Amino acid sequence: MESSAASVVTADGADAESRKPQPSRFKGVVPQPNGRWGAQIYEKHRRVWLGTFNLEEQAALAYATAALRFRGRDAAANLRPPPPAADEHEFNFLNSHTKSEIVDMLRKHTYADELHYSRRTISTTDPTLDNNSPSIAATPAAPEHLFEKSVTPSDVGKLNRLVIPKQFAEKHFPLQIGGAGDAIKGVLLSFEDRSGKVWRFRYSYWNSSHSYVLTKGWNRFVKEKNLQAGDTVSFRRSGKRLYIDWKARRRSGPPVRTVRLFGVDILETAAVHGGGCGGKRVIGEMNGVGFGCGKKA
DNA sequence: ATGTGTGTTGAC
DNA sequence: TCAACACACATG
């Protein structure tokens with residue numbers, strides 16, 4: 001359907017993959033050659049790259065979040081259109097992390113999840129590391145809950161990995177860091193599921209993305225349980241035994257979460273049913289727990 | 001092969 | 001401080 005003579009007759013830029021990027025109406029948002037959107041913020045004459053995003057609004061939200069952390073509440077509130085109001089907890093969350101960490105989350109699209117988890121973890125005195133419970137060793141009784149995660153599209157997608165939020169990874173699944181800092185050897189973790197089946201996952205740290213991940217073996221779990229985005233996986237421990245469980249998201253009824261970016265509602269999960277796990281493209285994914293621990297200056 | 005995000009420049 | 005533009009370099 002190309003116009004015969006005139007090249008691109010986009011009166012309003014209706015073509016999605018036009019070679020010619022259109023400037024964004026959002027501050028800090030720059031078009032990418034492939035039709036996606038980048039976000040960037042400046043600090044001390046230096047550009048800080050905030051990542052690339054499918055949707056312009058996502059990039060805008062990333063910038064707004066960064067602005068909140070870098071420049072404070074007022075600066076962020078003065079954006080047009082005004083970004084979704086951040087509550088007290090979010091301010092807390094932002095200020096309890098370094099700029100670098102926030103940028104890491106934004107670039108990896110994990111900010112929303114990290115914030116989400118932090119809400120559930122408010123001053124939760126985790127008993128796992130507390131005291132030396134003498135009875136555990138001899139009492140296989142009830143495994144204690146470690147943490148759970150609502151899996152993201154990426155977690156059940158082709159990447160074949162589950163990102164473990166940093167706070168949980170470091171608290172419950174400590175890894176040995178290579179002496180040089182580069183070589184971090186992964187470990188093999190075994191988990192028992194509801195039916196008694198044992199699953200072995202390779203657990204390691206991805207330096208490139210600053211993420212703790214379950215890799216090898218994870219995709220088999222996803223397939224067997226037919227895990228879909230929005231479903232929940234939970235981890236328990238009893239002594240040295242590890243357990244994994246999962247729970248499907250409610251099929252009917254309200255979605256797990258609707259992320260509203262400015263005027264745009266974005267569903268975090270695609271309603272895929274029928275056993276297919278091949279989601280094509282998930283729009284607006286502000287998910288993907290992960291977390292960066294890249295704390296630099 | 002594709003896409004990221006850095007280098008760079010010139011406006012505001 | 002900011003974004004437009006080009007493309008070196010990651011990434012798969």
# chains A, B, ... in the order shown; residues from 1 in each chain; ligands from 1
call {"tool": "interface_residues", "arguments": {"of": "chain A", "to": "chain B", "cutoff": "9 Å", "atoms": "only C-alpha atoms (C1' of nucleotides)", "output": "PyMOL selection string"}}
result
chain A and resi 32-34+38+49+51-52
call {"tool": "interface_residues", "arguments": {"of": "chain C", "to": "chain A", "cutoff": "8 Å", "atoms": "only C-alpha atoms (C1' of nucleotides)", "output": "count of residues only"}}
result
3
call {"tool": "select_by_dssp", "arguments": {"residues": "segment 15-242 of chain A", "states": "helix (DSSP H, G or I)", "output": "PyMOL selection string"}}
result
chain A and resi 56-77+88-95+99-108+111-120+166-172+218-225
